[in-house]
Number of protein chains: 2
Amino acid sequence: MSSEITIGTLARSAGVGVETVRYYQRRGLLATAGTKKGAFRVYGDSELARLRFIRRAQALGFKLDEIASLLALDEETDRESARALARAKIADVEERIRQLQSVHSALQELVSCCEHTEAPAPCPILRTLGGEAN
Amino acid sequence: MSSEITIGTLARSAGVGVETVRYYQRRGLLATAGTKKGAFRVYGDSELARLRFIRRAQALGFKLDEIASLLALDEETDRESARALARAKIADVEERIRQLQSVHSALQELVSCCEHTEAPAPCPILRTLGGEAN
DNA sequence: CTAGACCCTGTACCAAAGTACGGAGTCAAC
DNA sequence: GTTGACTCCGTACTTTGGTACAGGGTCTAG
């Protein structure tokens, strides 16, 4: 049933490097396989699923510590907690978007000011960064 | 004219820590004052201006390496370069906003799916992260 | 039976932007 | 004439998510 796979194959199947798998093990996100076949540890489907879970969660902006919390949840009984974590992450993402948008418009302003200033004189961008009034 | 200030005052005036000033000096963003008054190095207005420049640029999302490039520009002759750097940063910020927006909508989808699933069964968020189809 | 590919463990290193600490010297005030 | 705040210089640690290497052992094919 559960395919017997070494760490290299496991890593490749999830699209990560062997060192990354080991790193997740060190971080406690993934168990180090208990069973060995000869001298090599052997992994199965559950480890692969967990590894993919980590990657998907990461793509959604969760950091490894948060993923550890997600992984500790039970599909059956922890829906509230899962939703709470997801909502917190949404708020987080929204905040970062707001920040970036404000930076974006400040930069836009500088550039368009620079473009519309015909004076051959000092660069408005550098002058603004340099100071006087703010 | 140029106020004679020690590093602590300089740092406080720019809203950073002394260690941060020293760090910028190590990074070559800020010169270590040559003049000393007794045993202590003495800074003036130009260092304060430079420090503020760094902070403003940082608030606009430039990293220290990029700020080094900005600081190397001449207000009079390097307008083109300044604009180019600002435009590159704008593109950068836009890209990050797009990324975050796509993450945001994926998260929204998960949460609203979870909210509208009345089955007492498994949590849709955790199940989606856990896999099968994607 | 040997070469090459793979695995094991442990440790060190990378970026980025600082922060903290140790041990010494010095300055100003009371 | 000493206390307390400040400075100097150098080094090490922090966070996050890995990556790289050293020095073995082992497995598989030809």
# chains A, B, ... in the order shown; residues from 1 in each chain; ligands from 1
$ interface_residues --of "chain D" --to "chain A" --cutoff "9 Å" --atoms "only C-alpha atoms (C1' of nucleotides)" --output "ChimeraX atom specification"
/D:16-19,25-26
$ write_last_selection --atoms "all heavy atoms" --output "compact mmCIF listing (two decimals), in the first residue's frame"
# COMPACT_ATOMS: atom_id res chain seq x y z
P DT D 16 11.01 34.11 13.26
OP1 DT D 16 9.64 34.66 13.30
OP2 DT D 16 11.38 32.96 14.11
O5' DT D 16 11.32 33.72 11.76
C5' DT D 16 11.17 34.70 10.74
C4' DT D 16 11.53 34.08 9.42
O4' DT D 16 12.95 34.16 9.21
C3' DT D 16 11.16 32.59 9.30
O3' DT D 16 10.39 32.42 8.14
C2' DT D 16 12.50 31.87 9.23
C1' DT D 16 13.43 32.94 8.68
N1 DT D 16 14.85 32.86 9.09
C2 DT D 16 15.80 33.42 8.27
O2 DT D 16 15.53 33.97 7.22
N3 DT D 16 17.07 33.31 8.73
C4 DT D 16 17.51 32.70 9.89
O4 DT D 16 18.68 32.67 10.18
C5 DT D 16 16.46 32.14 10.71
C7 DT D 16 16.81 31.48 12.00
C6 DT D 16 15.20 32.25 10.27
P DG D 17 9.63 31.05 7.87
OP1 DG D 17 8.37 31.34 7.16
OP2 DG D 17 9.65 30.23 9.10
O5' DG D 17 10.63 30.39 6.82
C5' DG D 17 10.86 31.04 5.57
C4' DG D 17 11.99 30.35 4.86
O4' DG D 17 13.23 30.61 5.56
C3' DG D 17 11.85 28.81 4.81
O3' DG D 17 12.19 28.36 3.51
C2' DG D 17 12.88 28.36 5.82
C1' DG D 17 13.95 29.41 5.58
N9 DG D 17 15.02 29.46 6.57
C8 DG D 17 14.98 29.04 7.88
N7 DG D 17 16.13 29.19 8.50
C5 DG D 17 16.97 29.74 7.54
C6 DG D 17 18.33 30.12 7.62
O6 DG D 17 19.10 30.04 8.56
N1 DG D 17 18.79 30.64 6.40
C2 DG D 17 18.03 30.77 5.27
N2 DG D 17 18.64 31.29 4.19
N3 DG D 17 16.76 30.43 5.18
C4 DG D 17 16.30 29.91 6.35
P DG D 18 11.66 26.98 3.00
OP1 DG D 18 11.91 26.92 1.55
OP2 DG D 18 10.34 26.77 3.54
O5' DG D 18 12.65 25.98 3.78
C5' DG D 18 13.73 25.38 3.14
C4' DG D 18 14.87 26.37 2.92
O4' DG D 18 15.39 26.79 4.18
C3' DG D 18 16.03 25.75 2.16
O3' DG D 18 16.04 26.21 0.83
C2' DG D 18 17.27 26.20 2.91
C1' DG D 18 16.75 27.13 4.00
N9 DG D 18 17.47 26.92 5.25
C8 DG D 18 16.97 26.35 6.39
N7 DG D 18 17.84 26.30 7.36
C5 DG D 18 18.98 26.86 6.83
C6 DG D 18 20.26 27.08 7.40
O6 DG D 18 20.65 26.79 8.54
N1 DG D 18 21.13 27.67 6.52
C2 DG D 18 20.83 28.03 5.22
N2 DG D 18 21.81 28.59 4.51
N3 DG D 18 19.64 27.84 4.67
C4 DG D 18 18.78 27.25 5.53
P DT D 19 16.77 25.37 -0.31
OP1 DT D 19 16.47 26.00 -1.61
OP2 DT D 19 16.44 23.96 -0.05
O5' DT D 19 18.33 25.55 0.00
C5' DT D 19 18.95 26.80 -0.31
C4' DT D 19 20.44 26.67 -0.04
O4' DT D 19 20.68 26.54 1.37
C3' DT D 19 21.10 25.47 -0.71
O3' DT D 19 22.22 25.98 -1.41
C2' DT D 19 21.47 24.55 0.45
C1' DT D 19 21.65 25.54 1.58
N1 DT D 19 21.42 25.02 2.94
C2 DT D 19 22.43 25.13 3.87
O2 DT D 19 23.51 25.62 3.60
N3 DT D 19 22.13 24.67 5.12
C4 DT D 19 20.94 24.11 5.54
O4 DT D 19 20.79 23.73 6.69
C5 DT D 19 19.92 24.01 4.51
C7 DT D 19 18.60 23.43 4.85
C6 DT D 19 20.21 24.47 3.29
P DG D 25 32.80 4.34 7.77
OP1 DG D 25 32.94 3.62 9.05
OP2 DG D 25 33.70 4.09 6.63
O5' DG D 25 31.29 4.16 7.25
C5' DG D 25 30.22 4.27 8.18
C4' DG D 25 28.91 4.05 7.45
O4' DG D 25 28.81 5.03 6.39
C3' DG D 25 28.80 2.67 6.77
O3' DG D 25 27.54 2.09 7.13
C2' DG D 25 28.87 2.98 5.29
C1' DG D 25 28.34 4.40 5.23
N9 DG D 25 28.83 5.16 4.07
C8 DG D 25 30.11 5.59 3.85
N7 DG D 25 30.25 6.25 2.73
C5 DG D 25 28.97 6.25 2.18
C6 DG D 25 28.49 6.82 0.98
O6 DG D 25 29.13 7.44 0.12
N1 DG D 25 27.13 6.60 0.80
C2 DG D 25 26.33 5.91 1.69
N2 DG D 25 25.05 5.79 1.36
N3 DG D 25 26.76 5.39 2.83
C4 DG D 25 28.09 5.59 3.01
P DT D 26 27.21 0.63 6.70
OP1 DT D 26 26.28 0.14 7.73
OP2 DT D 26 28.46 -0.10 6.40
O5' DT D 26 26.41 0.84 5.34
C5' DT D 26 25.22 1.64 5.33
C4' DT D 26 24.59 1.58 3.96
O4' DT D 26 25.35 2.42 3.04
C3' DT D 26 24.57 0.20 3.31
O3' DT D 26 23.34 0.08 2.62
C2' DT D 26 25.71 0.26 2.31
C1' DT D 26 25.55 1.70 1.85
N1 DT D 26 26.70 2.32 1.16
C2 DT D 26 26.46 3.01 -0.01
O2 DT D 26 25.36 3.12 -0.50
N3 DT D 26 27.59 3.55 -0.59
C4 DT D 26 28.88 3.48 -0.12
O4 DT D 26 29.80 4.02 -0.73
C5 DT D 26 29.05 2.75 1.11
C7 DT D 26 30.41 2.61 1.69
C6 DT D 26 27.97 2.20 1.68
$ select_by_dssp --residues "chain A" --states "strand (DSSP E)" --output "ChimeraX atom specification"
/A:36-37,40-41
$ interface_residues --of "chain A" --to "chain B" --cutoff "7 Å" --atoms "only C-alpha atoms" --output "CSV table (one decimal) with C-alpha atoms, in the first residue's frame"
chain,number,residue,atom,x,y,z
A,49,ALA,CA,1.0,14.3,2.2
A,53,PHE,CA,0.5,20.3,3.1
A,56,ARG,CA,0.6,24.6,0.1
A,57,ALA,CA,0.3,26.4,3.3
A,60,LEU,CA,-0.7,30.9,1.1
A,75,GLU,CA,-9.9,18.1,10.5
A,76,GLU,CA,-12.9,16.9,12.4
A,79,ARG,CA,-12.6,23.9,12.2
A,82,ALA,CA,-8.4,26.6,11.3
A,83,ARG,CA,-10.8,29.4,10.4
A,86,ALA,CA,-6.9,31.7,8.1
A,90,ILE,CA,-6.0,37.4,5.8
A,93,VAL,CA,-2.1,40.0,4.1
A,97,ILE,CA,-1.1,45.2,0.9
A,100,LEU,CA,2.7,48.5,-0.1
A,103,VAL,CA,4.5,53.1,-0.6
A,104,HIS,CA,3.4,52.7,-4.2
A,107,LEU,CA,6.8,56.4,-5.3
A,111,VAL,CA,8.5,59.8,-10.3
A,121,ALA,CA,18.1,71.7,-11.9
A,122,PRO,CA,18.2,69.2,-9.0
A,123,CYS,CA,16.4,65.9,-9.1
A,125,ILE,CA,13.4,62.5,-6.1
A,126,LEU,CA,16.8,62.9,-4.5
A,127,ARG,CA,15.9,66.3,-3.1
A,129,LEU,CA,14.6,62.0,0.1
A,130,GLY,CA,17.3,64.4,1.2
A,131,GLY,CA,15.0,66.4,3.3
$ closest_atom_pairs --of "chain C" --to "chain B" --cutoff "10 Å" --atoms "only C-alpha atoms (C1' of nucleotides)" --output "tab-separated table"
residue	atom	partner	partner_atom	distance
C:DA16	C1'	B:Lys63	CA	8.5
C:DA17	C1'	B:Leu64	CA	8.4
C:DG18	C1'	B:Thr20	CA	6.6
C:DT19	C1'	B:Glu19	CA	7.4
C:DA20	C1'	B:Glu19	CA	9.3
C:DG25	C1'	B:Ala39	CA	8.5
C:DT26	C1'	B:Ala39	CA	6.9
C:DC27	C1'	B:Gly38	CA	9.1
$ closest_residue --among "D:DG10, D:DG30, D:DG4, D:DG24" --to "DC8 (chain C)" --atoms "only C-alpha atoms (C1' of nucleotides)"
D:DG24
$ atom_distance --atom1 "C1' of DC7 (chain C)" --atom2 "CA of Val21 (chain A)"
13.3 Å
$ closest_residue --among "C:DA29, C:DA12, C:DA5, C:DC21" --to "DA22 (chain D)" --atoms "only C-alpha atoms (C1' of nucleotides)"
C:DA12
$ select_by_dssp --residues "region 9-124 of chain B" --states "alpha helix (DSSP H)" --output "ChimeraX atom specification"
/B:9-14,18-27,45-59,64-71,79-116,124
